[in-house]
>>> print(open('final08.tsv').read())   # TSV, C-alpha atoms
chain	number	residue	atom	x	y	z
S	3	MET	CA	14.64	-72.71	55.10
S	4	ILE	CA	13.32	-71.55	51.68
S	5	ASN	CA	9.89	-70.02	51.64
S	6	LEU	CA	7.69	-71.63	48.97
S	7	LYS	CA	5.90	-68.32	48.36
S	8	ASP	CA	9.22	-66.51	47.58
S	9	ASN	CA	10.23	-69.30	45.17
S	10	THR	CA	6.98	-68.88	43.16
S	11	ILE	CA	7.50	-65.12	42.91
S	12	LEU	CA	11.07	-65.70	41.74
S	13	LYS	CA	9.87	-68.11	39.03
S	14	LYS	CA	7.28	-65.57	37.85
S	15	ILE	CA	9.91	-62.81	37.64
S	16	VAL	CA	12.30	-65.03	35.65
S	17	PHE	CA	9.45	-66.03	33.31
S	18	LEU	CA	8.44	-62.38	32.83
S	19	ILE	CA	12.05	-61.38	32.02
S	20	ALA	CA	12.29	-64.24	29.48
S	21	VAL	CA	9.04	-63.13	27.78
S	22	VAL	CA	10.21	-59.49	27.56
S	23	ALA	CA	13.61	-60.57	26.16
S	24	CYS	CA	11.88	-62.70	23.49
S	25	ALA	CA	9.56	-59.83	22.53
S	26	VAL	CA	12.47	-57.37	22.21
S	27	SER	CA	14.50	-59.87	20.15
S	28	LEU	CA	11.55	-60.55	17.86
S	29	GLY	CA	10.94	-56.81	17.40
S	30	LEU	CA	14.59	-56.20	16.49
S	31	TYR	CA	14.57	-59.11	14.04
S	32	VAL	CA	11.36	-58.00	12.28
S	33	GLY	CA	12.58	-54.38	12.17
S	34	SER	CA	15.87	-55.37	10.56
S	35	LYS	CA	14.09	-57.50	7.92
S	36	ARG	CA	11.64	-54.68	7.12
S	37	SER	CA	14.38	-52.05	6.66
S	38	SER	CA	16.52	-54.37	4.52
S	39	LYS	CA	13.62	-54.86	2.10
S	40	THR	CA	12.99	-51.15	1.57
S	41	THR	CA	16.63	-50.10	1.21
S	42	PRO	CA	18.32	-51.64	-1.82
S	43	THR	CA	21.88	-52.87	-1.39
S	44	SER	CA	24.73	-51.25	-3.30
S	45	GLN	CA	24.85	-54.32	-5.58
S	46	GLU	CA	21.14	-53.97	-6.37
S	47	ILE	CA	21.58	-50.26	-7.10
S	48	GLU	CA	24.52	-50.95	-9.43
S	49	LYS	CA	22.48	-53.58	-11.28
S	50	LEU	CA	19.47	-51.28	-11.62
S	51	ALA	CA	21.60	-48.29	-12.69
S	52	LYS	CA	23.33	-50.28	-15.43
S	53	PRO	CA	22.01	-49.01	-18.79
S	54	VAL	CA	19.32	-51.13	-20.41
S	55	ALA	CA	20.10	-49.38	-23.71
S	56	GLU	CA	22.50	-46.63	-24.87
S	57	ALA	CA	22.67	-44.30	-27.87
S	58	LYS	CA	25.20	-41.68	-28.95
S	59	LEU	CA	23.71	-38.35	-30.01
S	60	GLY	CA	26.58	-35.90	-30.59
S	61	GLN	CA	24.40	-32.96	-31.70
S	62	SER	CA	25.38	-29.40	-30.79
S	63	PHE	CA	23.43	-26.15	-30.76
S	64	ASP	CA	24.53	-22.56	-30.26
S	65	PHE	CA	22.28	-20.37	-28.14
S	66	SER	CA	22.74	-16.64	-27.78
S	67	ILE	CA	22.61	-15.36	-24.21
S	68	GLU	CA	21.16	-11.90	-24.83
S	69	GLU	CA	21.14	-10.85	-21.18
S	70	LEU	CA	24.90	-10.26	-21.36
S	71	GLU	CA	26.45	-7.23	-23.04
S	72	ASP	CA	28.66	-9.42	-25.23
S	73	ASN	CA	25.76	-11.60	-26.45
S	74	ALA	CA	27.66	-14.65	-25.24
S	75	ILE	CA	27.11	-17.95	-27.01
S	76	LEU	CA	26.29	-21.10	-25.05
S	77	LYS	CA	27.31	-24.25	-26.91
S	78	PHE	CA	24.73	-26.85	-25.91
S	79	THR	CA	25.59	-30.48	-26.80
S	80	LEU	CA	23.42	-33.59	-26.54
S	81	VAL	CA	26.17	-36.14	-25.87
S	82	GLY	CA	24.20	-39.37	-25.46
S	83	ALA	CA	21.15	-41.13	-24.08
S	84	LYS	CA	20.63	-44.20	-21.94
S	85	LYS	CA	17.74	-46.03	-20.33
S	86	VAL	CA	18.10	-47.24	-16.74
S	87	LYS	CA	15.88	-48.79	-14.07
S	88	ALA	CA	17.17	-46.58	-11.22
S	89	VAL	CA	18.62	-43.12	-10.67
S	90	ALA	CA	20.12	-41.30	-7.72
S	91	ASN	CA	18.34	-38.15	-6.58
S	92	GLN	CA	20.14	-36.17	-3.88
S	93	GLY	CA	22.17	-39.27	-3.06
S	94	GLN	CA	19.13	-41.52	-2.64
S	95	PRO	CA	18.33	-44.31	-5.12
S	96	ILE	CA	14.97	-44.13	-6.89
S	97	LYS	CA	13.72	-47.23	-8.69
S	98	ALA	CA	11.47	-46.92	-11.73
S	99	GLY	CA	7.89	-48.04	-11.25
S	100	SER	CA	6.42	-51.17	-12.76
S	101	GLY	CA	6.48	-50.88	-16.55
S	102	GLU	CA	8.69	-47.76	-16.43
S	103	GLU	CA	12.31	-46.82	-17.04
S	104	PHE	CA	14.29	-43.59	-16.89
S	105	LEU	CA	15.54	-41.96	-20.10
S	106	ILE	CA	18.75	-40.11	-19.15
S	107	ILE	CA	20.19	-37.50	-21.52
S	108	SER	CA	23.87	-36.55	-21.08
S	109	LEU	CA	24.61	-32.89	-21.85
S	110	GLU	CA	27.61	-30.58	-22.14
S	111	TYR	CA	27.60	-26.79	-21.94
S	112	GLY	CA	30.44	-24.86	-23.53
S	113	ASN	CA	31.16	-21.25	-22.60
S	114	ASP	CA	33.83	-19.42	-24.64
S	115	SER	CA	32.93	-15.99	-23.24
S	116	ALA	CA	34.70	-14.03	-20.52
S	117	PHE	CA	31.60	-14.23	-18.31
S	118	SER	CA	30.17	-16.97	-16.13
S	119	LEU	CA	26.82	-18.31	-17.42
S	120	LYS	CA	23.94	-19.79	-15.43
S	121	VAL	CA	22.21	-22.61	-17.29
S	122	ASN	CA	18.89	-24.30	-16.53
S	123	SER	CA	18.91	-27.46	-18.64
S	124	ARG	CA	15.17	-27.92	-18.15
S	125	ASP	CA	14.64	-24.76	-20.24
S	126	PHE	CA	16.27	-26.25	-23.36
S	127	VAL	CA	14.88	-29.79	-23.78
S	128	ARG	CA	11.41	-31.34	-23.98
S	129	LEU	CA	10.43	-34.95	-24.63
S	130	LEU	CA	7.82	-35.13	-27.36
S	131	GLY	CA	5.12	-37.54	-26.25
S	132	ASP	CA	2.04	-39.00	-27.79
S	133	GLU	CA	-0.39	-36.54	-29.34
S	134	GLY	CA	2.33	-33.86	-29.49
S	135	LYS	CA	2.56	-33.34	-25.72
S	136	LYS	CA	5.81	-31.69	-24.63
S	137	PHE	CA	7.18	-33.11	-21.37
S	138	ALA	CA	9.69	-31.21	-19.23
S	139	PRO	CA	12.42	-33.29	-17.54
S	140	ASP	CA	11.42	-35.17	-14.38
S	141	PHE	CA	14.99	-35.05	-13.07
S	142	TYR	CA	17.32	-32.08	-13.54
S	143	ASN	CA	19.82	-29.93	-11.69
S	144	GLU	CA	18.98	-26.40	-10.69
S	145	ALA	CA	20.88	-23.54	-12.37
S	146	ILE	CA	24.44	-24.60	-13.16
S	147	ASP	CA	27.32	-22.14	-13.32
S	148	VAL	CA	29.42	-22.56	-16.44
S	149	SER	CA	32.69	-20.76	-15.78
S	150	PRO	CA	34.31	-18.59	-18.47
S	151	VAL	CA	36.15	-20.50	-21.18
S	152	SER	CA	35.08	-23.93	-19.93
S	153	VAL	CA	32.84	-26.93	-20.49
S	154	ARG	CA	30.42	-28.34	-17.92
S	155	LYS	CA	28.66	-31.74	-17.93
S	156	ASP	CA	25.09	-32.38	-16.81
S	157	GLU	CA	22.25	-34.90	-17.09
S	158	ILE	CA	18.48	-34.67	-17.28
S	159	GLY	CA	15.98	-37.51	-16.98
S	160	PHE	CA	12.47	-38.44	-18.06
S	161	VAL	CA	10.18	-41.24	-16.88
S	162	VAL	CA	9.28	-43.37	-19.93
S	163	ALA	CA	7.49	-46.63	-20.71
S	164	ALA	CA	9.72	-49.69	-20.37
S	165	GLY	CA	10.58	-51.31	-23.67
S	166	LYS	CA	10.01	-48.19	-25.77
S	167	LYS	CA	12.90	-47.78	-28.21
S	168	GLN	CA	12.22	-44.55	-30.12
S	169	PHE	CA	11.99	-41.05	-28.66
S	170	LYS	CA	11.93	-37.48	-29.94
S	171	LEU	CA	13.41	-34.52	-28.12
S	172	LEU	CA	12.66	-30.89	-28.87
S	173	VAL	CA	15.68	-28.68	-28.32
S	174	GLY	CA	15.41	-24.91	-28.24
S	175	GLN	CA	16.11	-21.87	-26.13
S	176	LYS	CA	13.40	-21.57	-23.46
S	177	GLN	CA	11.18	-23.58	-25.78
S	178	GLU	CA	10.52	-20.70	-28.14
S	179	GLU	CA	8.75	-21.52	-31.37
S	180	GLU	CA	12.02	-22.37	-33.12
S	181	THR	CA	12.99	-25.84	-31.90
S	182	THR	CA	14.93	-28.69	-33.43
S	183	GLU	CA	13.62	-32.24	-33.30
S	184	VAL	CA	16.20	-34.86	-32.32
S	185	GLU	CA	15.40	-38.56	-32.68
S	186	ILE	CA	16.75	-41.20	-30.32
S	187	ASN	CA	16.72	-44.83	-31.47
S	188	PHE	CA	17.90	-47.63	-29.22
>>> encode(input="final08.tsv", output="structure tokens")
Amino acid sequence: MINLKDNTILKKIVFLIAVVACAVSLGLYVGSKRSSKTTPTSQEIEKLAKPVAEAKLGQSFDFSIEELEDNAILKFTLVGAKKVKAVANQGQPIKAGSGEEFLIISLEYGNDSAFSLKVNSRDFVRLLGDEGKKFAPDFYNEAIDVSPVSVRKDEIGFVVAAGKKQFKLLVGQKQEEETTEVEINF
């Protein structure tokens, strides 16, 4: 004979298990939706990283590296510029804010000496802003080794207003008084 009291307890346990299972399922569903919104897909990253505008620069500068006995010459070349809506920083995508884009400058360093050179790209380039303000790069690599008799590629980036089409860079060694103004027009 089945005890009515045991049957009620059994129904309550089954109901409680069903409620817990629903709560766990709902939590997993909401968690997966939340994480998918904050992490862009690879297709979204590719779309955002596609250049909005591009310009060739092709301007070279020779900088004397006086710290070395040979007074080695670093050939510093502004290869090109592009504007994008996203960049990768340490492997993680970063999207530009509302009304912003990233101005990316492609660089090459040439070293014809017999010595390895350490180059900090942020020491050579400034973005000339409104009212003559000089902005250092927002994105850059730390010191880069340029091996003897070789060329090394690099990029630096600045946060700029979306839609802006004209920029001025100041190029010089450690931003001494002697700098060269380089215009970028998209």
>>> residues_around(input="final08.tsv", residues="range 119-129 of chain S", least_positions_apart="6", cutoff="8 Å", atoms="only C-alpha atoms", output="VMD selection string")
chain S and resid 113 136 to 139 142 to 150 158 160 169 to 177
>>> residues_around(input="final08.tsv", residues="Val54 in chain S", least_positions_apart="6", cutoff="9 Å", atoms="only C-alpha atoms", output="list in words")
Lys84, Lys85, Val86, Lys87 and Glu103 of chain S
>>> residues_near_point(input="final08.tsv", point="(16.7, -39.9, -33.6)", cutoff="8 Å", atoms="all atoms listed in the file", output="list in words")
Gln168, Phe169, Lys170, Val184, Glu185, Ile186 and Asn187 of chain S
>>> closest_residue(input="final08.tsv", among="S:Ile96, S:Pro53, S:Val162, S:Lys167", to="Gly131 in chain S", atoms="only C-alpha atoms")
S:Val162
>>> residues_near_point(input="final08.tsv", point="(32.6, -17.1, -25.7)", cutoff="9 Å", atoms="all atoms listed in the file", output="list in words")
Asp72, Asn73, Ala74, Ile75, Leu76, Lys77, Gly112, Asn113, Asp114, Ser115, Ala116, Phe117, Pro150 and Val151 of chain S
>>> residues_around(input="final08.tsv", residues="Ala83 in chain S", least_positions_apart="4", cutoff="9 Å", atoms="only C-alpha atoms", output="VMD selection string")
chain S and resid 55 to 59 105 to 108 186 188
>>> closest_residue(input="final08.tsv", among="S:Glu183, S:Gly165, S:Thr79, S:Lys52", to="Phe65 in chain S", atoms="only C-alpha atoms")
S:Thr79
>>> atom_distance(input="final08.tsv", atom1="CA of Leu80 in chain S", atom2="CA of Leu109 in chain S")
4.9 Å
>>> atom_distance(input="final08.tsv", atom1="CA of Thr182 in chain S", atom2="CA of Val81 in chain S")
15.5 Å
>>> axis_aligned_box(input="final08.tsv", around="range 73-85 of chain S", padding_each_side="8 Å", output="JSON")
{"center_x": 22.7, "center_y": -28.8, "center_z": -23.7, "size_x": 25.9, "size_y": 50.4, "size_z": 22.7}
>>> atom_distance(input="final08.tsv", atom1="CA of Phe63 in chain S", atom2="CA of Phe104 in chain S")
24.1 Å
>>> closest_residue(input="final08.tsv", among="S:Gln92, S:Ser118, S:Ser152, S:Ser100", to="Ile67 in chain S", atoms="only C-alpha atoms")
S:Ser118
>>> closest_residue(input="final08.tsv", among="S:Lys166, S:Glu133, S:Glu48, S:Glu110", to="Pro95 in chain S", atoms="only C-alpha atoms")
S:Glu48
>>> decode(input="final08.tsv", residues="range 68-94 of chain S", atoms="N, CA and C atoms", output="mmCIF file, in the first residue's frame")
data_model
loop_
_atom_site.group_PDB
_atom_site.id
_atom_site.type_symbol
_atom_site.label_atom_id
_atom_site.label_comp_id
_atom_site.auth_asym_id
_atom_site.auth_seq_id
_atom_site.Cartn_x
_atom_site.Cartn_y
_atom_site.Cartn_z
ATOM 1 N N GLU S 68 73.783 58.724 -31.979
ATOM 2 C CA GLU S 68 75.066 59.197 -31.447
ATOM 3 C C GLU S 68 75.612 58.351 -30.317
ATOM 4 N N GLU S 69 74.744 57.513 -29.713
ATOM 5 C CA GLU S 69 75.202 56.689 -28.591
ATOM 6 C C GLU S 69 76.217 55.635 -29.028
ATOM 7 N N LEU S 70 76.228 55.312 -30.311
ATOM 8 C CA LEU S 70 77.154 54.301 -30.815
ATOM 9 C C LEU S 70 78.437 54.949 -31.309
ATOM 10 N N GLU S 71 79.524 54.217 -31.219
ATOM 11 C CA GLU S 71 80.828 54.748 -31.636
ATOM 12 C C GLU S 71 80.848 55.119 -33.111
ATOM 13 N N ASP S 72 80.154 54.355 -33.931
ATOM 14 C CA ASP S 72 80.147 54.572 -35.376
ATOM 15 C C ASP S 72 79.207 55.684 -35.829
ATOM 16 N N ASN S 73 78.454 56.292 -34.898
ATOM 17 C CA ASN S 73 77.391 57.227 -35.269
ATOM 18 C C ASN S 73 76.498 56.594 -36.341
ATOM 19 N N ALA S 74 75.908 55.480 -35.997
ATOM 20 C CA ALA S 74 75.061 54.738 -36.928
ATOM 21 C C ALA S 74 73.889 55.602 -37.382
ATOM 22 N N ILE S 75 73.400 55.326 -38.562
ATOM 23 C CA ILE S 75 72.268 56.049 -39.128
ATOM 24 C C ILE S 75 71.054 55.117 -39.143
ATOM 25 N N LEU S 76 69.959 55.590 -38.573
ATOM 26 C CA LEU S 76 68.688 54.881 -38.637
ATOM 27 C C LEU S 76 67.880 55.514 -39.761
ATOM 28 N N LYS S 77 67.493 54.696 -40.735
ATOM 29 C CA LYS S 77 66.633 55.192 -41.809
ATOM 30 C C LYS S 77 65.195 54.939 -41.361
ATOM 31 N N PHE S 78 64.466 56.010 -41.161
ATOM 32 C CA PHE S 78 63.110 55.981 -40.620
ATOM 33 C C PHE S 78 62.149 56.347 -41.752
ATOM 34 N N THR S 79 61.249 55.423 -42.123
ATOM 35 C CA THR S 79 60.349 55.657 -43.250
ATOM 36 C C THR S 79 58.892 55.592 -42.808
ATOM 37 N N LEU S 80 58.139 56.644 -43.170
ATOM 38 C CA LEU S 80 56.684 56.642 -43.019
ATOM 39 C C LEU S 80 56.131 56.000 -44.285
ATOM 40 N N VAL S 81 55.663 54.771 -44.187
ATOM 41 C CA VAL S 81 55.238 54.009 -45.353
ATOM 42 C C VAL S 81 53.832 54.420 -45.792
ATOM 43 N N GLY S 82 52.895 54.430 -44.858
ATOM 44 C CA GLY S 82 51.511 54.738 -45.201
ATOM 45 C C GLY S 82 50.685 54.999 -43.964
ATOM 46 N N ALA S 83 49.428 55.386 -44.203
ATOM 47 C CA ALA S 83 48.495 55.658 -43.113
ATOM 48 C C ALA S 83 47.144 55.057 -43.465
ATOM 49 N N LYS S 84 46.408 54.656 -42.445
ATOM 50 C CA LYS S 84 45.054 54.162 -42.654
ATOM 51 C C LYS S 84 44.218 54.504 -41.429
ATOM 52 N N LYS S 85 42.916 54.606 -41.648
ATOM 53 C CA LYS S 85 41.985 54.811 -40.545
ATOM 54 C C LYS S 85 41.136 53.562 -40.414
ATOM 55 N N VAL S 86 40.993 53.071 -39.178
ATOM 56 C CA VAL S 86 40.221 51.860 -38.903
ATOM 57 C C VAL S 86 39.323 52.087 -37.691
ATOM 58 N N LYS S 87 38.346 51.207 -37.529
ATOM 59 C CA LYS S 87 37.417 51.303 -36.402
ATOM 60 C C LYS S 87 37.807 50.391 -35.241
ATOM 61 N N ALA S 88 38.803 49.509 -35.466
ATOM 62 C CA ALA S 88 39.254 48.594 -34.412
ATOM 63 C C ALA S 88 40.718 48.258 -34.615
ATOM 64 N N VAL S 89 41.404 48.010 -33.497
ATOM 65 C CA VAL S 89 42.795 47.565 -33.520
ATOM 66 C C VAL S 89 42.937 46.388 -32.563
ATOM 67 N N ALA S 90 44.025 45.668 -32.704
ATOM 68 C CA ALA S 90 44.333 44.597 -31.759
ATOM 69 C C ALA S 90 45.447 45.096 -30.846
ATOM 70 N N ASN S 91 45.254 44.947 -29.554
ATOM 71 C CA ASN S 91 46.264 45.322 -28.578
ATOM 72 C C ASN S 91 46.533 44.103 -27.711
ATOM 73 N N GLN S 92 47.724 43.561 -27.805
ATOM 74 C CA GLN S 92 48.120 42.345 -27.102
ATOM 75 C C GLN S 92 47.142 41.214 -27.399
ATOM 76 N N GLY S 93 46.749 41.114 -28.681
ATOM 77 C CA GLY S 93 45.884 40.042 -29.121
ATOM 78 C C GLY S 93 44.406 40.263 -28.855
ATOM 79 N N GLN S 94 44.034 41.332 -28.187
ATOM 80 C CA GLN S 94 42.641 41.606 -27.872
ATOM 81 C C GLN S 94 42.118 42.743 -28.747
#
